[in-house]
Amino acid sequence: MNSVIELEGLAVDLGGRRILSDLRCTLSARTVGLLGPNGAGKSTLINALLGFHKPAAGTARIFGHDVRSGIRQIRNLTGYMPENDAFITRMSAVSYVQLMAELSGLPAKAALERAHEALFYVGLGEARYRQLGTYSLGMRQLAKLAQAIAHGPKLLILDEPTNGLDPPARQRMIRLIREMRDSGDLHIILCSHLLRDVEETCEEVLILKQGRIVHYANLEEERRANRKFIEMETVGANGTFTGDIETLGCACALAGNNRIKLVLSEGVEIRDLYRIAADRNVQIRRLNYRRDSLEDIFLKAMESELAGKGTVNGRV
Amino acid sequence: MAVYKRSYHGYAGGVTPEWSRFTIIPRYAYRDLFHSKIMTAFFVLCYVAPLVFLFLLYFAHNFARLAAMLGERSATFPIAINEHFFLAFLNIQGVLAFIITAFVGPGLISSDLANRALPLYLCRPFSRGEYVVGKMSVLLILLSLITWVPGLVLFGVQASLAGAQWLGANLWIAWALFAGAWIWILIVALLALALSAWIKWRIAAGALLLAVFFVAAGFGETVNAVLDVQWGKLINLMYLLVTVWRQLFRLHEASDISPASAWVMLLLICAGCLGLLYRKVRAIEVVK
């Protein structure tokens, strides 16, 4: 798969302080989550990718365009929804989105059409002629999303898109992000400190801490891998039972107290385990998938001794 | 193409040339500005003086005939059509241009900064320079329409009435009018934008613009009076402009400061404004 973002030793200094240090990774998923505690450098990384901050060292490439030399091409391909409230006063939503689309290069007529479409798409169709100043926080978030997608970008950067949203509005935003992801027309970078948002929408995550990448995870692969690890609590299990399971091709170990850990092999289903248990008169009292949620991954990354050393990186 | 679409899809149509994108800003700004009836009425009023001057030109060339009709064969038109006539026109329109700038200019950048809209502009293929040029052209176009454009129309009318000989001898007046108007427009537009970028509050930026012109002039006069010097005039923007205009219109009247020092001060003010704009117009403000 072609890479969307390549970071090559990217470092950014702000106010005489190093904020991002030696970031190296290649991201190619449709949706990439940028995670990290407050002050980890997520927004700074986004700002560097958009050319708002010049790299102090290294570089970054988006769709092969270097942020140092090809920022205009990058901005042609990018839509950005900033974290903070950002709008233009005394303007209706449709004028605002049209203006933004025109600045991205669309002719006035096409920009107006796309503005209407984008506002309908995000759910502001009925309110599109209202002044932005009269919008609620949730509506402003949606208007920001509309301006970010109106020109049909190839990469959509969303900085904390669910900030300040109530649960229904958050659900709506997450649904929109998923829909856009599934449309296949664009890639999404989602920067958030809300793990649930990232878990629900992203395929890859990059976890930052103190301006360094502390963990990279492909959530799809992790989910697939998690489905293979099983822990069982049984009554009456013995070597024959585990031996039968091993004949299915599964790695299996008795962990004492009738607890069995096993790795399911390809084609083996849970019902096969129940069938063997029934044949051997073994009771399966409890059966759990080993479940590494994003929260586990995040917490592990935060606790990792490697944190701050910049040695754990994405696919390099 | 249907407007009501509820699925995301990319854009595959054509795009506008990059050089033309700064013109989008004034287009939207005028749409907003001329929503105001006061602004529209004032803009129309700005054409009263050009109309009066146009009538004066007509009378100047037809005064003898009009006087003859009234039986006054020896009467002459009291106003000479020369550099003083056009400088007077520029003075009047310059004041009007300043009033429009004070009304329009302070809100141009301050509202974007206050609402954190700059990242929205600058995350697109649209540079900081284009943003400033776009915002500035709101004023440049508006002020041009009430200063040098009607001024050159007047000059053209005068030339057509007076003939080629007058035109040949006085072509420099057209240049003086054009250059003088542009200097004024650039100075007030740059100052308005710089103050708008510096003070994020529109009303305060407007007040500061007036202060730069009037309080600084008063302060300069105070300096002159207290220290018995003349260089206090160097912070009197109006005086600097008048000095430069006099030079352009070849009026060799006594001045407290030399035209060269006036030019230097104006250039320094422009450089200061550009420096301020360079510092303040950024997508992200980094707090040190």
# chains A, B, ... in the order shown; residues from 1 in each chain; ligands from 1
call {"tool": "interface_residues", "arguments": {"of": "chain B", "to": "chain A", "cutoff": "7 Å", "atoms": "only C-alpha atoms", "output": "list in words"}}
result
Val3, Tyr4, Lys5, Arg6, Ser7, Tyr8, His9, Gly10, Tyr11, Gly14, Val15, Thr16, Arg21, Ser111, Asp112, Asn115, Arg116, Ala117, Cys123, Arg124, Pro125, Phe126, Ala283, Ile284, Val286, Val287 and Lys288 of chain B
call {"tool": "write_last_selection", "arguments": {"atoms": "C-alpha atoms", "output": "PDB file, in the first residue's frame"}}
result
ATOM      1  CA  VAL B   3     -27.574  19.668  -4.190  1.00  0.00           C
ATOM      2  CA  TYR B   4     -29.030  17.201  -1.736  1.00  0.00           C
ATOM      3  CA  LYS B   5     -26.390  14.511  -1.392  1.00  0.00           C
ATOM      4  CA  ARG B   6     -25.837  12.548   1.721  1.00  0.00           C
ATOM      5  CA  SER B   7     -22.742  10.595   0.856  1.00  0.00           C
ATOM      6  CA  TYR B   8     -19.175  11.728   0.826  1.00  0.00           C
ATOM      7  CA  HIS B   9     -17.475  11.939  -2.530  1.00  0.00           C
ATOM      8  CA  GLY B  10     -14.334  13.635  -3.749  1.00  0.00           C
ATOM      9  CA  TYR B  11     -14.066  16.577  -6.121  1.00  0.00           C
ATOM     10  CA  GLY B  14     -11.300  22.065 -12.405  1.00  0.00           C
ATOM     11  CA  VAL B  15      -9.564  24.516 -10.127  1.00  0.00           C
ATOM     12  CA  THR B  16      -8.919  28.240 -10.386  1.00  0.00           C
ATOM     13  CA  ARG B  21      -7.113  33.309  -5.316  1.00  0.00           C
ATOM     14  CA  SER B 111     -11.880  39.491  13.431  1.00  0.00           C
ATOM     15  CA  ASP B 112     -10.018  36.564  11.882  1.00  0.00           C
ATOM     16  CA  ASN B 115     -12.028  33.990  15.925  1.00  0.00           C
ATOM     17  CA  ARG B 116      -8.891  31.930  15.236  1.00  0.00           C
ATOM     18  CA  ALA B 117      -9.770  31.725  11.571  1.00  0.00           C
ATOM     19  CA  CYS B 123      -4.152  25.275   5.795  1.00  0.00           C
ATOM     20  CA  ARG B 124      -5.167  25.698   2.153  1.00  0.00           C
ATOM     21  CA  PRO B 125      -2.974  26.427  -0.845  1.00  0.00           C
ATOM     22  CA  PHE B 126      -3.039  30.050   0.254  1.00  0.00           C
ATOM     23  CA  ALA B 283      -1.626  30.289  11.485  1.00  0.00           C
ATOM     24  CA  ILE B 284      -0.497  29.483  14.992  1.00  0.00           C
ATOM     25  CA  VAL B 286       3.548  30.477  19.489  1.00  0.00           C
ATOM     26  CA  VAL B 287       3.646  31.629  23.095  1.00  0.00           C
ATOM     27  CA  LYS B 288       7.222  31.756  24.327  1.00  0.00           C
TER      28      LYS B 288
END
call {"tool": "select_by_dssp", "arguments": {"residues": "stretch 62-283 of chain A", "states": "helix (DSSP H, G or I)", "output": "PyMOL selection string"}}
result
chain A and resi 71-77+93-103+108-122+125-127+132-134+137-149+167-183+195-201+219-226+239-247+270-279
call {"tool": "residues_around", "arguments": {"residues": "stretch 253-259 of chain A", "least_positions_apart": "3", "cutoff": "12 Å", "atoms": "only C-alpha atoms", "output": "ChimeraX atom specification"}}
result
/A:229-243,245-246,250,262-263,282-288
call {"tool": "write_last_selection", "arguments": {"atoms": "N, CA and C atoms", "output": "PDB file, in the first residue's frame"}}
result
ATOM      1  N   PHE A 229      -6.153 -15.657  20.922  1.00  0.00           N
ATOM      2  CA  PHE A 229      -5.718 -16.050  22.270  1.00  0.00           C
ATOM      3  C   PHE A 229      -6.925 -16.284  23.177  1.00  0.00           C
ATOM      4  N   ILE A 230      -6.937 -17.468  23.807  1.00  0.00           N
ATOM      5  CA  ILE A 230      -8.097 -17.806  24.642  1.00  0.00           C
ATOM      6  C   ILE A 230      -7.633 -18.332  25.990  1.00  0.00           C
ATOM      7  N   GLU A 231      -8.351 -17.917  27.006  1.00  0.00           N
ATOM      8  CA  GLU A 231      -8.115 -18.461  28.347  1.00  0.00           C
ATOM      9  C   GLU A 231      -9.393 -19.178  28.785  1.00  0.00           C
ATOM     10  N   MET A 232      -9.219 -20.427  29.301  1.00  0.00           N
ATOM     11  CA  MET A 232     -10.394 -21.196  29.735  1.00  0.00           C
ATOM     12  C   MET A 232     -10.224 -21.621  31.184  1.00  0.00           C
ATOM     13  N   GLU A 233     -11.328 -21.655  31.882  1.00  0.00           N
ATOM     14  CA  GLU A 233     -11.335 -22.220  33.233  1.00  0.00           C
ATOM     15  C   GLU A 233     -12.230 -23.456  33.161  1.00  0.00           C
ATOM     16  N   THR A 234     -11.705 -24.578  33.549  1.00  0.00           N
ATOM     17  CA  THR A 234     -12.445 -25.826  33.340  1.00  0.00           C
ATOM     18  C   THR A 234     -12.561 -26.631  34.642  1.00  0.00           C
ATOM     19  N   VAL A 235     -13.414 -27.619  34.585  1.00  0.00           N
ATOM     20  CA  VAL A 235     -13.464 -28.622  35.667  1.00  0.00           C
ATOM     21  C   VAL A 235     -13.266 -29.968  34.996  1.00  0.00           C
ATOM     22  N   GLY A 236     -12.266 -30.714  35.460  1.00  0.00           N
ATOM     23  CA  GLY A 236     -12.026 -32.053  34.933  1.00  0.00           C
ATOM     24  C   GLY A 236     -11.090 -32.108  33.744  1.00  0.00           C
ATOM     25  N   ALA A 237     -10.422 -31.000  33.459  1.00  0.00           N
ATOM     26  CA  ALA A 237      -9.500 -31.020  32.326  1.00  0.00           C
ATOM     27  C   ALA A 237      -8.230 -31.766  32.712  1.00  0.00           C
ATOM     28  N   ASN A 238      -7.714 -32.512  31.767  1.00  0.00           N
ATOM     29  CA  ASN A 238      -6.456 -33.217  32.008  1.00  0.00           C
ATOM     30  C   ASN A 238      -5.658 -33.248  30.718  1.00  0.00           C
ATOM     31  N   GLY A 239      -4.576 -34.015  30.739  1.00  0.00           N
ATOM     32  CA  GLY A 239      -3.687 -34.075  29.580  1.00  0.00           C
ATOM     33  C   GLY A 239      -4.389 -34.565  28.330  1.00  0.00           C
ATOM     34  N   THR A 240      -5.376 -35.434  28.472  1.00  0.00           N
ATOM     35  CA  THR A 240      -6.069 -35.945  27.286  1.00  0.00           C
ATOM     36  C   THR A 240      -6.841 -34.823  26.595  1.00  0.00           C
ATOM     37  N   PHE A 241      -7.481 -34.014  27.451  1.00  0.00           N
ATOM     38  CA  PHE A 241      -8.273 -32.910  26.889  1.00  0.00           C
ATOM     39  C   PHE A 241      -7.388 -31.940  26.092  1.00  0.00           C
ATOM     40  N   THR A 242      -6.262 -31.572  26.731  1.00  0.00           N
ATOM     41  CA  THR A 242      -5.358 -30.646  26.029  1.00  0.00           C
ATOM     42  C   THR A 242      -4.729 -31.320  24.814  1.00  0.00           C
ATOM     43  N   GLY A 243      -4.482 -32.599  24.935  1.00  0.00           N
ATOM     44  CA  GLY A 243      -3.927 -33.344  23.791  1.00  0.00           C
ATOM     45  C   GLY A 243      -4.879 -33.324  22.618  1.00  0.00           C
ATOM     46  N   ILE A 245      -7.070 -31.076  22.030  1.00  0.00           N
ATOM     47  CA  ILE A 245      -7.089 -29.711  21.449  1.00  0.00           C
ATOM     48  C   ILE A 245      -5.873 -29.528  20.551  1.00  0.00           C
ATOM     49  N   GLU A 246      -4.742 -30.051  21.011  1.00  0.00           N
ATOM     50  CA  GLU A 246      -3.505 -29.902  20.221  1.00  0.00           C
ATOM     51  C   GLU A 246      -3.610 -30.625  18.887  1.00  0.00           C
ATOM     52  N   CYS A 250      -3.852 -26.463  17.650  1.00  0.00           N
ATOM     53  CA  CYS A 250      -3.756 -25.304  18.544  1.00  0.00           C
ATOM     54  C   CYS A 250      -2.612 -25.513  19.542  1.00  0.00           C
ATOM     55  N   LEU A 262      -4.688 -21.152  25.363  1.00  0.00           N
ATOM     56  CA  LEU A 262      -4.439 -21.736  24.053  1.00  0.00           C
ATOM     57  C   LEU A 262      -4.507 -20.682  22.954  1.00  0.00           C
ATOM     58  N   VAL A 263      -3.845 -21.026  21.852  1.00  0.00           N
ATOM     59  CA  VAL A 263      -3.868 -20.160  20.679  1.00  0.00           C
ATOM     60  C   VAL A 263      -4.606 -20.916  19.586  1.00  0.00           C
ATOM     61  N   VAL A 282     -15.616 -32.726  30.104  1.00  0.00           N
ATOM     62  CA  VAL A 282     -14.946 -31.602  30.777  1.00  0.00           C
ATOM     63  C   VAL A 282     -15.915 -30.412  30.775  1.00  0.00           C
ATOM     64  N   GLN A 283     -16.028 -29.762  31.907  1.00  0.00           N
ATOM     65  CA  GLN A 283     -16.897 -28.578  31.965  1.00  0.00           C
ATOM     66  C   GLN A 283     -16.062 -27.318  31.674  1.00  0.00           C
ATOM     67  N   ILE A 284     -16.534 -26.557  30.766  1.00  0.00           N
ATOM     68  CA  ILE A 284     -15.871 -25.249  30.537  1.00  0.00           C
ATOM     69  C   ILE A 284     -16.658 -24.211  31.333  1.00  0.00           C
ATOM     70  N   ARG A 285     -16.060 -23.756  32.416  1.00  0.00           N
ATOM     71  CA  ARG A 285     -16.771 -22.812  33.296  1.00  0.00           C
ATOM     72  C   ARG A 285     -16.638 -21.356  32.810  1.00  0.00           C
ATOM     73  N   ARG A 286     -15.528 -21.084  32.224  1.00  0.00           N
ATOM     74  CA  ARG A 286     -15.317 -19.708  31.740  1.00  0.00           C
ATOM     75  C   ARG A 286     -14.408 -19.741  30.514  1.00  0.00           C
ATOM     76  N   LEU A 287     -14.715 -18.881  29.546  1.00  0.00           N
ATOM     77  CA  LEU A 287     -13.874 -18.815  28.343  1.00  0.00           C
ATOM     78  C   LEU A 287     -13.740 -17.341  27.935  1.00  0.00           C
ATOM     79  N   ASN A 288     -12.535 -16.888  27.927  1.00  0.00           N
ATOM     80  CA  ASN A 288     -12.309 -15.455  27.588  1.00  0.00           C
ATOM     81  C   ASN A 288     -11.325 -15.328  26.437  1.00  0.00           C
TER      82      ASN A 288
END
call {"tool": "residues_around", "arguments": {"residues": "A:Leu194", "least_positions_apart": "3", "cutoff": "10 Å", "atoms": "only C-alpha atoms", "output": "PyMOL selection string"}}
result
chain A and resi 35-37+160+162-163+191+197-199+295
call {"tool": "write_last_selection", "arguments": {"atoms": "C-alpha atoms", "output": "PDB file, in the first residue's frame"}}
result
ATOM      1  CA  LEU A  35      -2.919   9.466  20.580  1.00  0.00           C
ATOM      2  CA  GLY A  36      -1.118  10.860  23.521  1.00  0.00           C
ATOM      3  CA  PRO A  37      -1.619  12.677  26.780  1.00  0.00           C
ATOM      4  CA  GLU A 160     -10.084  16.551  18.477  1.00  0.00           C
ATOM      5  CA  THR A 162     -15.498  15.349  19.301  1.00  0.00           C
ATOM      6  CA  ASN A 163     -14.370  18.065  21.691  1.00  0.00           C
ATOM      7  CA  CYS A 191      -5.956  13.364  16.647  1.00  0.00           C
ATOM      8  CA  ASP A 197     -13.059   7.731  19.451  1.00  0.00           C
ATOM      9  CA  VAL A 198      -9.839   6.371  18.037  1.00  0.00           C
ATOM     10  CA  GLU A 199     -10.750   2.752  18.732  1.00  0.00           C
ATOM     11  CA  GLU A 295      -6.688   1.457  26.543  1.00  0.00           C
TER      12      GLU A 295
END
call {"tool": "select_by_dssp", "arguments": {"residues": "stretch 137-231 of chain A", "states": "strand (DSSP E or B)", "output": "short mmCIF file (atom, residue, chain, number, x, y, z; two decimals) with C-alpha atoms, in the first residue's frame"}}
result
data_model
loop_
_atom_site.label_atom_id
_atom_site.label_comp_id
_atom_site.auth_asym_id
_atom_site.auth_seq_id
_atom_site.Cartn_x
_atom_site.Cartn_y
_atom_site.Cartn_z
CA LEU A 155 -6.29 13.52 3.43
CA LEU A 156 -8.54 14.79 6.18
CA ILE A 157 -6.89 15.91 9.40
CA LEU A 158 -9.25 16.05 12.35
CA ASP A 159 -7.92 17.60 15.53
CA HIS A 187 -7.50 9.06 4.31
CA ILE A 188 -8.13 10.38 7.79
CA ILE A 189 -5.76 11.41 10.55
CA LEU A 190 -7.66 11.63 13.79
CA CYS A 191 -5.96 13.36 16.65
CA GLU A 204 -3.61 2.39 12.89
CA VAL A 205 -2.58 4.32 15.96
CA LEU A 206 0.50 6.29 16.71
CA ILE A 207 1.02 7.04 20.37
CA LEU A 208 3.10 10.05 21.29
CA LYS A 209 4.59 10.98 24.60
CA ARG A 212 8.32 11.08 20.77
CA ILE A 213 6.62 8.08 19.27
CA VAL A 214 6.27 5.52 22.03
CA HIS A 215 4.10 3.02 20.25
CA TYR A 216 2.74 2.19 16.86
CA ALA A 217 -0.10 -0.30 16.51
CA ASN A 218 -2.14 -1.65 13.68
CA PHE A 229 -5.72 -16.05 22.27
CA ILE A 230 -8.10 -17.81 24.64
CA GLU A 231 -8.11 -18.46 28.35
#
call {"tool": "atom_distance", "arguments": {"atom1": "atom CA of B:Leu248", "atom2": "atom CA of B:Ile79"}}
result
20.9 Å
call {"tool": "closest_residue", "arguments": {"among": "B:Leu266, B:Ile199, B:Ile183, B:Ala88", "to": "B:Gly151", "atoms": "only C-alpha atoms"}}
result
B:Ala88
call {"tool": "residues_around", "arguments": {"residues": "B:Leu191", "least_positions_apart": "2", "cutoff": "8 Å", "atoms": "only C-alpha atoms", "output": "PyMOL selection string"}}
result
chain B and resi 187-189+193-195+209+270+273
call {"tool": "write_last_selection", "arguments": {"atoms": "C-alpha atoms", "output": "short mmCIF file (atom, residue, chain, number, x, y, z; two decimals), in the first residue's frame"}}
result
data_model
loop_
_atom_site.label_atom_id
_atom_site.label_comp_id
_atom_site.auth_asym_id
_atom_site.auth_seq_id
_atom_site.Cartn_x
_atom_site.Cartn_y
_atom_site.Cartn_z
CA ILE B 187 0.03 54.17 3.92
CA VAL B 188 -3.49 54.12 5.35
CA ALA B 189 -4.16 50.55 4.18
CA LEU B 193 -4.04 46.25 8.51
CA ALA B 194 -1.06 46.33 10.85
CA LEU B 195 -3.12 47.77 13.68
CA LEU B 209 -5.69 54.25 13.82
CA CYS B 270 5.56 51.04 5.69
CA CYS B 273 3.68 47.90 9.26
#
call {"tool": "residues_around", "arguments": {"residues": "B:Ala49", "least_positions_apart": "4", "cutoff": "10 Å", "atoms": "only C-alpha atoms", "output": "MDAnalysis selection string"}}
result
chainID B and resid 45 53:55 89 92:93 96 146 150
call {"tool": "residues_around", "arguments": {"residues": "stretch 175-178 of chain B", "least_positions_apart": "3", "cutoff": "7 Å", "atoms": "only C-alpha atoms", "output": "MDAnalysis selection string"}}
result
chainID B and resid 148 151 171:172 181:182 248:249
call {"tool": "atom_distance", "arguments": {"atom1": "atom CA of B:Arg202", "atom2": "atom CA of B:Ser110"}}
result
5.9 Å
call {"tool": "atom_distance", "arguments": {"atom1": "atom CA of B:Trp166", "atom2": "atom CA of B:Asn62"}}
result
16.5 Å
